[in-house]
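Next comes protein.cif, a file with mmCIF, C-alpha atoms.
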```cif
data_entry
loop_
_atom_site.label_atom_id
_atom_site.label_comp_id
_atom_site.auth_asym_id
_atom_site.auth_seq_id
_atom_site.Cartn_x
_atom_site.Cartn_y
_atom_site.Cartn_z
CA MET A 1227 -171.64 11.51 123.77
CA THR A 1228 -174.28 12.82 121.38
CA ASP A 1229 -174.68 11.40 117.89
CA ARG A 1230 -171.85 12.28 115.56
CA ILE A 1231 -173.14 15.20 113.49
CA THR A 1232 -170.12 14.80 111.22
CA GLU A 1233 -171.42 11.36 110.25
CA SER A 1234 -175.06 12.34 109.78
CA SER A 1235 -176.72 12.17 106.38
CA SER A 1236 -176.03 14.94 103.88
CA ASN A 1237 -178.56 17.71 103.37
CA HIS A 1238 -178.42 16.80 99.66
CA ASN A 1239 -179.59 13.65 97.91
CA ASP A 1240 -178.83 12.08 94.52
CA LEU A 1241 -175.41 13.73 94.19
CA ASP A 1242 -174.59 11.38 91.33
CA LYS A 1243 -177.48 12.83 89.32
CA MET A 1244 -176.44 16.48 89.73
CA SER A 1245 -174.85 18.52 86.96
CA THR A 1246 -171.42 20.05 87.52
CA LYS A 1247 -173.08 23.41 88.11
CA GLU A 1248 -175.41 21.94 90.72
CA LEU A 1249 -172.55 20.15 92.47
CA ILE A 1250 -170.31 23.16 92.86
CA LEU A 1251 -173.21 25.49 93.75
CA ASN A 1252 -174.37 23.17 96.52
CA ILE A 1253 -170.84 22.61 97.82
CA ASN A 1254 -170.31 26.37 97.84
CA ASN A 1255 -173.55 26.95 99.73
CA GLU A 1256 -172.47 24.43 102.37
CA ASP A 1257 -169.03 26.03 102.62
CA LYS A 1258 -170.61 29.45 103.29
CA THR A 1259 -171.91 28.17 106.61
CA VAL A 1260 -168.48 27.29 108.01
CA ALA A 1261 -167.37 30.79 108.96
CA HIS A 1262 -170.66 31.37 110.78
CA SER A 1263 -170.09 28.20 112.81
CA ILE A 1264 -166.65 29.44 113.83
CA ALA A 1265 -168.02 32.88 114.74
CA GLU A 1266 -170.05 31.21 117.47
CA ILE A 1267 -166.91 29.94 119.24
CA LEU A 1268 -164.62 32.98 118.90
CA PRO A 1269 -164.58 33.51 122.70
CA GLU A 1270 -163.28 29.96 123.18
CA ILE A 1271 -160.60 30.47 120.52
CA GLU A 1272 -159.60 33.77 122.11
CA SER A 1273 -159.29 32.17 125.54
CA PHE A 1274 -157.05 29.44 124.19
CA ILE A 1275 -154.79 31.84 122.27
CA ASP A 1276 -154.27 34.05 125.32
CA ALA A 1277 -153.40 31.05 127.50
CA CYS A 1278 -151.04 29.62 124.89
CA TYR A 1279 -149.33 32.98 124.37
CA LEU A 1280 -148.41 33.20 128.04
CA ARG A 1281 -146.49 29.95 127.67
CA MET A 1282 -144.94 30.64 124.28
CA LYS A 1283 -143.56 34.03 125.30
CA ASN A 1284 -141.63 32.17 128.00
CA GLY A 1285 -140.16 29.64 125.58
CA GLY A 1286 -143.00 27.14 125.29
CA ARG A 1287 -143.81 25.39 122.03
CA LEU A 1288 -147.08 24.58 120.30
CA PHE A 1289 -147.82 21.03 119.15
CA TYR A 1290 -150.66 19.96 116.85
CA ILE A 1291 -151.60 16.29 116.97
CA GLY A 1292 -154.15 14.50 114.81
CA ALA A 1293 -154.85 11.72 112.32
CA GLY A 1294 -155.81 11.68 108.65
CA THR A 1295 -157.00 15.01 107.27
CA SER A 1296 -156.86 16.62 110.71
CA GLY A 1297 -153.25 15.58 111.23
CA ARG A 1298 -152.26 16.80 107.78
CA LEU A 1299 -153.86 20.20 108.39
CA GLY A 1300 -151.85 20.57 111.60
CA ILE A 1301 -148.61 19.67 109.84
CA VAL A 1302 -149.33 22.14 107.03
CA ASP A 1303 -150.02 24.99 109.46
CA ALA A 1304 -146.91 24.21 111.52
CA SER A 1305 -144.71 23.97 108.42
CA GLU A 1306 -145.82 27.40 107.23
CA CYS A 1307 -144.79 29.22 110.43
CA PRO A 1308 -140.99 29.27 109.82
CA PRO A 1309 -141.07 30.77 106.29
CA THR A 1310 -143.90 33.16 107.12
CA PHE A 1311 -142.80 34.38 110.53
CA GLY A 1312 -139.11 33.44 110.74
CA VAL A 1313 -139.48 31.18 113.78
CA ASP A 1314 -137.46 28.00 114.22
CA HIS A 1315 -139.01 24.78 112.95
CA GLY A 1316 -139.35 23.47 116.51
CA VAL A 1317 -141.58 26.31 117.75
CA VAL A 1318 -144.80 25.03 116.13
CA VAL A 1319 -144.78 21.29 115.46
CA GLY A 1320 -147.34 19.10 113.70
CA LEU A 1321 -147.61 15.40 114.49
CA MET A 1322 -149.92 12.82 112.97
CA ALA A 1323 -150.78 9.17 113.48
CA GLY A 1324 -148.54 7.03 111.30
CA GLY A 1325 -145.76 9.63 111.12
CA ASP A 1326 -144.59 11.67 108.14
CA LYS A 1327 -145.26 8.86 105.67
CA ALA A 1328 -148.95 9.18 106.52
CA MET A 1329 -148.95 12.66 104.95
CA ARG A 1330 -149.17 11.10 101.50
CA LYS A 1331 -150.62 7.66 102.15
CA ALA A 1332 -152.94 6.49 104.91
CA VAL A 1333 -151.37 4.19 107.50
CA GLU A 1334 -153.96 1.59 108.48
CA PHE A 1335 -155.10 1.60 112.13
CA ALA A 1336 -152.40 4.11 113.18
CA GLU A 1337 -155.02 6.34 114.79
CA ASP A 1338 -156.38 3.52 116.94
CA SER A 1339 -153.45 3.46 119.39
CA ALA A 1340 -154.28 5.37 122.57
CA SER A 1341 -150.61 5.41 123.67
CA GLN A 1342 -148.73 6.32 120.50
CA GLY A 1343 -149.66 10.01 120.49
CA TRP A 1344 -147.94 10.65 123.82
CA ILE A 1345 -144.96 8.54 122.71
CA ASP A 1346 -144.64 10.74 119.60
CA LEU A 1347 -144.80 13.90 121.72
CA GLN A 1348 -142.13 12.63 124.09
CA GLU A 1349 -139.71 12.33 121.17
CA HIS A 1350 -139.65 16.15 121.21
CA SER A 1351 -138.55 16.36 124.87
CA ILE A 1352 -141.89 17.92 125.76
CA THR A 1353 -142.10 20.05 128.95
CA LYS A 1354 -144.70 21.79 131.10
CA LYS A 1355 -144.10 25.00 129.13
CA ASP A 1356 -145.54 23.41 126.00
CA THR A 1357 -149.07 23.34 124.60
CA VAL A 1358 -150.83 20.52 122.74
CA ILE A 1359 -153.87 20.90 120.48
CA GLY A 1360 -155.75 17.74 119.55
CA ILE A 1361 -157.36 17.98 116.11
CA ALA A 1362 -160.11 15.56 115.06
CA ALA A 1363 -163.38 16.20 113.27
CA SER A 1364 -165.18 13.41 115.13
CA GLY A 1365 -163.44 14.04 118.44
CA THR A 1366 -163.14 10.28 119.02
CA THR A 1367 -159.64 9.43 117.69
CA PRO A 1368 -157.82 7.27 120.30
CA TYR A 1369 -154.38 8.53 119.18
CA VAL A 1370 -155.45 12.08 120.03
CA ILE A 1371 -157.48 11.31 123.16
CA GLY A 1372 -154.56 9.47 124.75
CA ALA A 1373 -152.13 12.29 123.94
CA ILE A 1374 -154.40 14.97 125.44
CA GLU A 1375 -155.02 12.97 128.60
CA LYS A 1376 -151.30 12.35 129.16
CA ALA A 1377 -150.51 15.99 128.40
CA ASN A 1378 -152.98 17.03 131.09
CA GLU A 1379 -151.42 14.62 133.57
CA ASN A 1380 -147.99 16.09 132.88
CA GLY A 1381 -148.95 19.74 133.33
CA LEU A 1382 -149.15 20.89 129.72
CA LEU A 1383 -151.78 23.28 128.35
CA THR A 1384 -154.25 21.44 126.12
CA GLY A 1385 -156.80 22.47 123.52
CA SER A 1386 -159.03 20.69 121.02
CA ILE A 1387 -160.34 21.51 117.54
CA THR A 1388 -163.30 19.29 116.74
CA CYS A 1389 -166.69 19.37 115.00
CA ASN A 1390 -169.00 17.24 117.18
CA PRO A 1391 -170.45 18.58 120.44
CA GLY A 1392 -169.77 16.61 123.60
CA ASN A 1393 -166.97 14.50 122.14
CA PRO A 1394 -164.22 12.77 124.19
CA ILE A 1395 -161.33 14.94 122.96
CA ALA A 1396 -163.21 18.17 123.71
CA ASN A 1397 -164.16 16.81 127.12
CA ALA A 1398 -160.52 15.93 127.87
CA ALA A 1399 -158.98 19.22 126.69
CA GLN A 1400 -158.69 22.26 128.95
CA HIS A 1401 -159.75 24.53 126.08
CA GLU A 1402 -162.51 23.21 123.83
CA MET A 1403 -162.93 24.70 120.35
CA THR A 1404 -165.83 22.85 118.71
CA ALA A 1405 -167.10 24.20 115.39
CA VAL A 1406 -170.38 22.41 114.68
CA VAL A 1407 -170.55 22.67 110.89
CA GLY A 1408 -173.31 20.09 110.41
CA PRO A 1409 -173.55 17.24 107.87
CA GLU A 1410 -171.02 17.08 105.06
CA PHE A 1411 -172.04 17.44 101.40
CA VAL A 1412 -170.85 13.87 100.85
CA THR A 1413 -172.04 12.06 103.97
CA GLY A 1414 -169.18 11.59 106.42
CA SER A 1415 -166.53 13.22 104.22
CA THR A 1416 -164.97 15.37 106.93
CA ARG A 1417 -162.19 16.56 104.62
CA MET A 1418 -164.84 19.04 103.41
CA LYS A 1419 -166.59 21.45 105.83
CA SER A 1420 -164.98 20.01 108.95
CA GLY A 1421 -161.54 20.26 107.37
CA THR A 1422 -162.23 23.82 106.25
CA ALA A 1423 -163.29 24.78 109.77
CA GLN A 1424 -160.16 23.23 111.25
CA LYS A 1425 -157.95 25.07 108.75
CA LEU A 1426 -159.61 28.42 109.52
CA ILE A 1427 -159.21 27.93 113.27
CA LEU A 1428 -155.56 26.91 112.86
CA ASN A 1429 -155.00 30.07 110.78
CA MET A 1430 -156.46 32.15 113.60
CA ILE A 1431 -154.38 30.46 116.28
CA SER A 1432 -150.96 30.49 114.63
CA THR A 1433 -151.32 33.93 113.04
CA SER A 1434 -152.57 35.57 116.24
CA LEU A 1435 -149.81 33.95 118.29
CA MET A 1436 -147.08 35.01 115.86
CA ILE A 1437 -148.40 38.59 115.84
CA LYS A 1438 -148.54 38.67 119.64
CA LEU A 1439 -145.00 37.25 119.78
CA GLY A 1440 -143.75 40.18 117.70
CA HIS A 1441 -143.18 38.64 114.28
CA VAL A 1442 -145.46 41.14 112.51
CA LYS A 1443 -145.00 44.93 112.50
CA GLY A 1444 -148.00 46.93 111.33
CA ASN A 1445 -149.35 44.39 108.86
CA ARG A 1446 -146.00 43.16 107.52
CA MET A 1447 -144.19 39.84 107.94
CA VAL A 1448 -140.90 41.42 109.02
CA ASP A 1449 -139.26 38.12 109.97
CA MET A 1450 -140.22 36.07 106.90
CA GLN A 1451 -137.55 33.85 105.40
CA LEU A 1452 -136.10 34.97 102.06
CA SER A 1453 -136.63 31.60 100.44
CA ASN A 1454 -137.46 32.72 96.90
CA ASN A 1455 -137.31 35.71 94.57
CA LYS A 1456 -140.93 36.66 95.24
CA LEU A 1457 -140.26 37.02 98.96
CA VAL A 1458 -137.04 38.97 98.34
CA ASP A 1459 -139.04 41.37 96.17
CA ARG A 1460 -141.77 41.67 98.82
CA GLY A 1461 -139.21 42.32 101.54
CA THR A 1462 -137.43 44.91 99.42
CA LYS A 1463 -140.65 46.86 98.91
CA MET A 1464 -141.39 46.69 102.64
CA ILE A 1465 -138.00 48.27 103.36
CA MET A 1466 -138.57 50.96 100.69
CA GLU A 1467 -141.84 51.87 102.37
CA ALA A 1468 -140.36 51.92 105.88
CA VAL A 1469 -137.11 53.79 105.19
CA ASP A 1470 -137.83 55.74 101.96
CA VAL A 1471 -134.93 54.45 99.89
CA SER A 1472 -134.58 53.17 96.34
CA TYR A 1473 -135.41 49.62 95.34
CA GLU A 1474 -131.74 48.88 94.73
CA LYS A 1475 -130.60 50.13 98.15
CA ALA A 1476 -133.46 48.35 99.90
CA LYS A 1477 -132.66 45.03 98.19
CA GLU A 1478 -128.96 45.39 98.95
CA ALA A 1479 -129.72 45.97 102.64
CA LEU A 1480 -132.18 43.08 102.77
CA LEU A 1481 -129.68 40.64 101.34
CA GLU A 1482 -126.93 41.95 103.61
CA TYR A 1483 -128.88 41.78 106.87
CA GLY A 1484 -131.10 38.80 106.05
CA SER A 1485 -134.45 40.13 107.28
CA VAL A 1486 -136.75 43.09 106.84
CA ARG A 1487 -136.67 43.81 110.56
CA LYS A 1488 -132.88 43.99 110.81
CA ALA A 1489 -132.45 45.88 107.53
CA VAL A 1490 -134.97 48.56 108.57
CA SER A 1491 -133.38 48.88 112.01
CA GLU A 1492 -129.86 49.23 110.64
CA MET A 1493 -130.83 51.69 107.90
CA LYS A 1494 -132.78 53.87 110.29
CA SER A 1495 -129.85 53.97 112.72
CA GLU A 1496 -127.58 55.14 109.90
CA LYS A 1497 -129.80 58.10 109.05
#
```

Translate this structure into structure tokens?
Amino acid sequence: MTDRITESSSNHNDLDKMSTKELILNINNEDKTVAHSIAEILPEIESFIDACYLRMKNGGRLFYIGAGTSGRLGIVDASECPPTFGVDHGVVVGLMAGGDKAMRKAVEFAEDSASQGWIDLQEHSITKKDTVIGIAASGTTPYVIGAIEKANENGLLTGSITCNPGNPIANAAQHEMTAVVGPEFVTGSTRMKSGTAQKLILNMISTSLMIKLGHVKGNRMVDMQLSNNKLVDRGTKMIMEAVDVSYEKAKEALLEYGSVRKAVSEMKSEK
């Protein structure tokens, strides 16, 4: 493996002597490079999404597995799929070393077990239809490496989201997605550019898959859960636009049928 770029020295020195303006300007300048790094691997991301879609349309699930910041990012993305796209909580699942308690407080040495990742996946009755993405900035996390290797052995589709070229997780995964974002503003702090890159790639993957699976019509989240007043209002306006009815009638239909998709379908059939 090549040297860990994510651990290399920052492009900026004497951070403790910078003014607030200098700090945020330099952080912002570093952040601007992240999207360009991802642009270079769009074909790899596309290839993974297409392969994953073929499994998910036949009932497969998508699992994210990681440790620390990477694990938390996977859990956040997975947790946002049900309210945004109306899918069951088990369709996209985020797992991290140390379990749910590690979301708020680091669990020491949890990521160092090469067997625990696969054990955690097996708790979800994982099958050959499913897909596993290993997420790790360094690409060297034993918890993730072990899970990807066992997933390969058991016929699952595997992908990796990492930030160092030639790393063990990328080498193990069938679909490598390596965004080389370079040194962090604070040396080794991969919650910064590396974390941003991982979040952007996860956005691409889950959003594209949900669109391809039919949970978006036009540019609207027609299957979103009505979990608060803001979303009820948004759904009502979507129905008004689609069926040309008053706000009151649209809201009444939305609350009766429970989703924008069903309300629009029923109201159109009545016309």

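Picked out by the PyMOL selection byres ((chain A and resi 1472-1482) around 9) when it runs on this file: A:Leu1452, A:Val1458, A:Asp1459, A:Gly1461, A:Thr1462, A:Lys1463, A:Met1464, A:Ile1465, A:Met1466, A:Val1469, A:Asp1470, A:Val1471, A:Tyr1483, A:Gly1484, A:Ser1485, A:Val1486, A:Lys1488, A:Ala1489, A:Val1490, A:Glu1492, A:Met1493.
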
For region 1227-1261 of chain A against region 1349-1373 of chain A, with a cut-off of 9 Å and counting all atoms listed in the file, what is the closest atom pair and its distance in Å to one decimal for every residue that makes the cut, ordered by chain and number, as a tab-separated table?
```
residue	atom	partner	partner_atom	distance
A:Arg1230	CA	A:Ser1364	CA	6.8
A:Ile1231	CA	A:Ser1364	CA	8.3
A:Thr1232	CA	A:Ser1364	CA	6.5
A:Glu1233	CA	A:Ser1364	CA	8.2
```

Writer output for current selection, C-alpha atoms, as a compact mmCIF listing (two decimals), keeping the file's coordinate frame:
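Written output follows (out-v2.txt):
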```
# COMPACT_ATOMS: atom_id res chain seq x y z
CA ARG A 1230 -171.85 12.28 115.56
CA ILE A 1231 -173.14 15.20 113.49
CA THR A 1232 -170.12 14.80 111.22
CA GLU A 1233 -171.42 11.36 110.25
```

_Under the PyMOL selection byres ((chain A and resi 1330) around 12), which residues of this model are included? Write them out as a PyMOL selection string._
chain A and resi 1294-1295+1297-1298+1301+1322+1324-1329+1331-1333

*asked:* Can you translate the PyMOL selection byres ((chain A and resi 1448) around 8) into the concrete residues it hits in this file, as a list in words?
replied: Phe1311, His1441, Val1442, Lys1443, Arg1446, Met1447, Asp1449, Met1450, Gly1461, Ser1485, Val1486 and Arg1487 of chain A

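In this model, the gap between CA of Leu1383 (chain A) and CA of Gln1400 (chain A) comes to 7.0 Å.
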
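In this model, the gap between CA of Val1406 (chain A) and CA of Gln1424 (chain A) comes to 10.8 Å.
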
Residue rebuild result region 1460-1489 of chain A, N, CA and C atoms as a PDB file, keeping the file's coordinate frame:
```pdb
ATOM      1  N   ARG A1460    -140.811  41.161  97.838  1.00  0.00           N
ATOM      2  CA  ARG A1460    -141.770  41.670  98.820  1.00  0.00           C
ATOM      3  C   ARG A1460    -141.041  42.367  99.963  1.00  0.00           C
ATOM      4  N   GLY A1461    -139.978  41.728 100.450  1.00  0.00           N
ATOM      5  CA  GLY A1461    -139.210  42.320 101.540  1.00  0.00           C
ATOM      6  C   GLY A1461    -138.560  43.625 101.141  1.00  0.00           C
ATOM      7  N   THR A1462    -138.065  43.683  99.917  1.00  0.00           N
ATOM      8  CA  THR A1462    -137.430  44.910  99.420  1.00  0.00           C
ATOM      9  C   THR A1462    -138.426  46.070  99.419  1.00  0.00           C
ATOM     10  N   LYS A1463    -139.626  45.806  98.953  1.00  0.00           N
ATOM     11  CA  LYS A1463    -140.650  46.860  98.910  1.00  0.00           C
ATOM     12  C   LYS A1463    -141.096  47.279 100.313  1.00  0.00           C
ATOM     13  N   MET A1464    -141.067  46.352 101.249  1.00  0.00           N
ATOM     14  CA  MET A1464    -141.390  46.690 102.640  1.00  0.00           C
ATOM     15  C   MET A1464    -140.342  47.648 103.213  1.00  0.00           C
ATOM     16  N   ILE A1465    -139.077  47.396 102.885  1.00  0.00           N
ATOM     17  CA  ILE A1465    -138.000  48.270 103.360  1.00  0.00           C
ATOM     18  C   ILE A1465    -138.103  49.643 102.692  1.00  0.00           C
ATOM     19  N   MET A1466    -138.390  49.683 101.395  1.00  0.00           N
ATOM     20  CA  MET A1466    -138.570  50.960 100.690  1.00  0.00           C
ATOM     21  C   MET A1466    -139.627  51.812 101.363  1.00  0.00           C
ATOM     22  N   GLU A1467    -140.719  51.163 101.738  1.00  0.00           N
ATOM     23  CA  GLU A1467    -141.840  51.870 102.370  1.00  0.00           C
ATOM     24  C   GLU A1467    -141.465  52.373 103.765  1.00  0.00           C
ATOM     25  N   ALA A1468    -140.693  51.570 104.491  1.00  0.00           N
ATOM     26  CA  ALA A1468    -140.360  51.920 105.880  1.00  0.00           C
ATOM     27  C   ALA A1468    -139.257  52.955 105.991  1.00  0.00           C
ATOM     28  N   VAL A1469    -138.298  52.936 105.047  1.00  0.00           N
ATOM     29  CA  VAL A1469    -137.110  53.790 105.190  1.00  0.00           C
ATOM     30  C   VAL A1469    -137.015  54.866 104.102  1.00  0.00           C
ATOM     31  N   ASP A1470    -137.841  54.781 103.063  1.00  0.00           N
ATOM     32  CA  ASP A1470    -137.830  55.740 101.960  1.00  0.00           C
ATOM     33  C   ASP A1470    -136.493  55.746 101.232  1.00  0.00           C
ATOM     34  N   VAL A1471    -136.141  54.567 100.695  1.00  0.00           N
ATOM     35  CA  VAL A1471    -134.930  54.450  99.890  1.00  0.00           C
ATOM     36  C   VAL A1471    -135.302  53.800  98.559  1.00  0.00           C
ATOM     37  N   SER A1472    -134.332  53.766  97.642  1.00  0.00           N
ATOM     38  CA  SER A1472    -134.580  53.170  96.340  1.00  0.00           C
ATOM     39  C   SER A1472    -134.703  51.660  96.440  1.00  0.00           C
ATOM     40  N   TYR A1473    -135.262  51.072  95.383  1.00  0.00           N
ATOM     41  CA  TYR A1473    -135.410  49.620  95.340  1.00  0.00           C
ATOM     42  C   TYR A1473    -134.045  48.948  95.455  1.00  0.00           C
ATOM     43  N   GLU A1474    -133.071  49.484  94.738  1.00  0.00           N
ATOM     44  CA  GLU A1474    -131.740  48.880  94.730  1.00  0.00           C
ATOM     45  C   GLU A1474    -131.106  48.899  96.116  1.00  0.00           C
ATOM     46  N   LYS A1475    -131.193  50.027  96.810  1.00  0.00           N
ATOM     47  CA  LYS A1475    -130.600  50.130  98.150  1.00  0.00           C
ATOM     48  C   LYS A1475    -131.350  49.236  99.141  1.00  0.00           C
ATOM     49  N   ALA A1476    -132.665  49.183  98.993  1.00  0.00           N
ATOM     50  CA  ALA A1476    -133.460  48.350  99.900  1.00  0.00           C
ATOM     51  C   ALA A1476    -133.112  46.880  99.706  1.00  0.00           C
ATOM     52  N   LYS A1477    -132.991  46.445  98.450  1.00  0.00           N
ATOM     53  CA  LYS A1477    -132.660  45.030  98.190  1.00  0.00           C
ATOM     54  C   LYS A1477    -131.264  44.705  98.682  1.00  0.00           C
ATOM     55  N   GLU A1478    -130.342  45.616  98.475  1.00  0.00           N
ATOM     56  CA  GLU A1478    -128.960  45.390  98.950  1.00  0.00           C
ATOM     57  C   GLU A1478    -128.931  45.221 100.465  1.00  0.00           C
ATOM     58  N   ALA A1479    -129.679  46.059 101.171  1.00  0.00           N
ATOM     59  CA  ALA A1479    -129.720  45.970 102.640  1.00  0.00           C
ATOM     60  C   ALA A1479    -130.397  44.681 103.094  1.00  0.00           C
ATOM     61  N   LEU A1480    -131.455  44.297 102.394  1.00  0.00           N
ATOM     62  CA  LEU A1480    -132.180  43.080 102.770  1.00  0.00           C
ATOM     63  C   LEU A1480    -131.280  41.861 102.646  1.00  0.00           C
ATOM     64  N   LEU A1481    -130.552  41.784 101.555  1.00  0.00           N
ATOM     65  CA  LEU A1481    -129.680  40.640 101.340  1.00  0.00           C
ATOM     66  C   LEU A1481    -128.486  40.660 102.294  1.00  0.00           C
ATOM     67  N   GLU A1482    -128.061  41.838 102.677  1.00  0.00           N
ATOM     68  CA  GLU A1482    -126.930  41.950 103.610  1.00  0.00           C
ATOM     69  C   GLU A1482    -127.327  41.537 105.028  1.00  0.00           C
ATOM     70  N   TYR A1483    -128.479  42.010 105.481  1.00  0.00           N
ATOM     71  CA  TYR A1483    -128.880  41.780 106.870  1.00  0.00           C
ATOM     72  C   TYR A1483    -129.779  40.556 107.062  1.00  0.00           C
ATOM     73  N   GLY A1484    -130.384  40.069 105.982  1.00  0.00           N
ATOM     74  CA  GLY A1484    -131.100  38.800 106.050  1.00  0.00           C
ATOM     75  C   GLY A1484    -132.550  38.863 106.475  1.00  0.00           C
ATOM     76  N   SER A1485    -133.037  40.020 106.913  1.00  0.00           N
ATOM     77  CA  SER A1485    -134.450  40.130 107.280  1.00  0.00           C
ATOM     78  C   SER A1485    -134.896  41.579 107.142  1.00  0.00           C
ATOM     79  N   VAL A1486    -136.192  41.746 106.936  1.00  0.00           N
ATOM     80  CA  VAL A1486    -136.750  43.090 106.840  1.00  0.00           C
ATOM     81  C   VAL A1486    -136.540  43.844 108.142  1.00  0.00           C
ATOM     82  N   ARG A1487    -136.796  43.166 109.249  1.00  0.00           N
ATOM     83  CA  ARG A1487    -136.670  43.810 110.560  1.00  0.00           C
ATOM     84  C   ARG A1487    -135.268  44.384 110.772  1.00  0.00           C
ATOM     85  N   LYS A1488    -134.263  43.557 110.553  1.00  0.00           N
ATOM     86  CA  LYS A1488    -132.880  43.990 110.810  1.00  0.00           C
ATOM     87  C   LYS A1488    -132.441  45.053 109.807  1.00  0.00           C
ATOM     88  N   ALA A1489    -132.835  44.891 108.543  1.00  0.00           N
ATOM     89  CA  ALA A1489    -132.450  45.880 107.530  1.00  0.00           C
ATOM     90  C   ALA A1489    -133.054  47.245 107.851  1.00  0.00           C
TER      91      ALA A1489
END
```
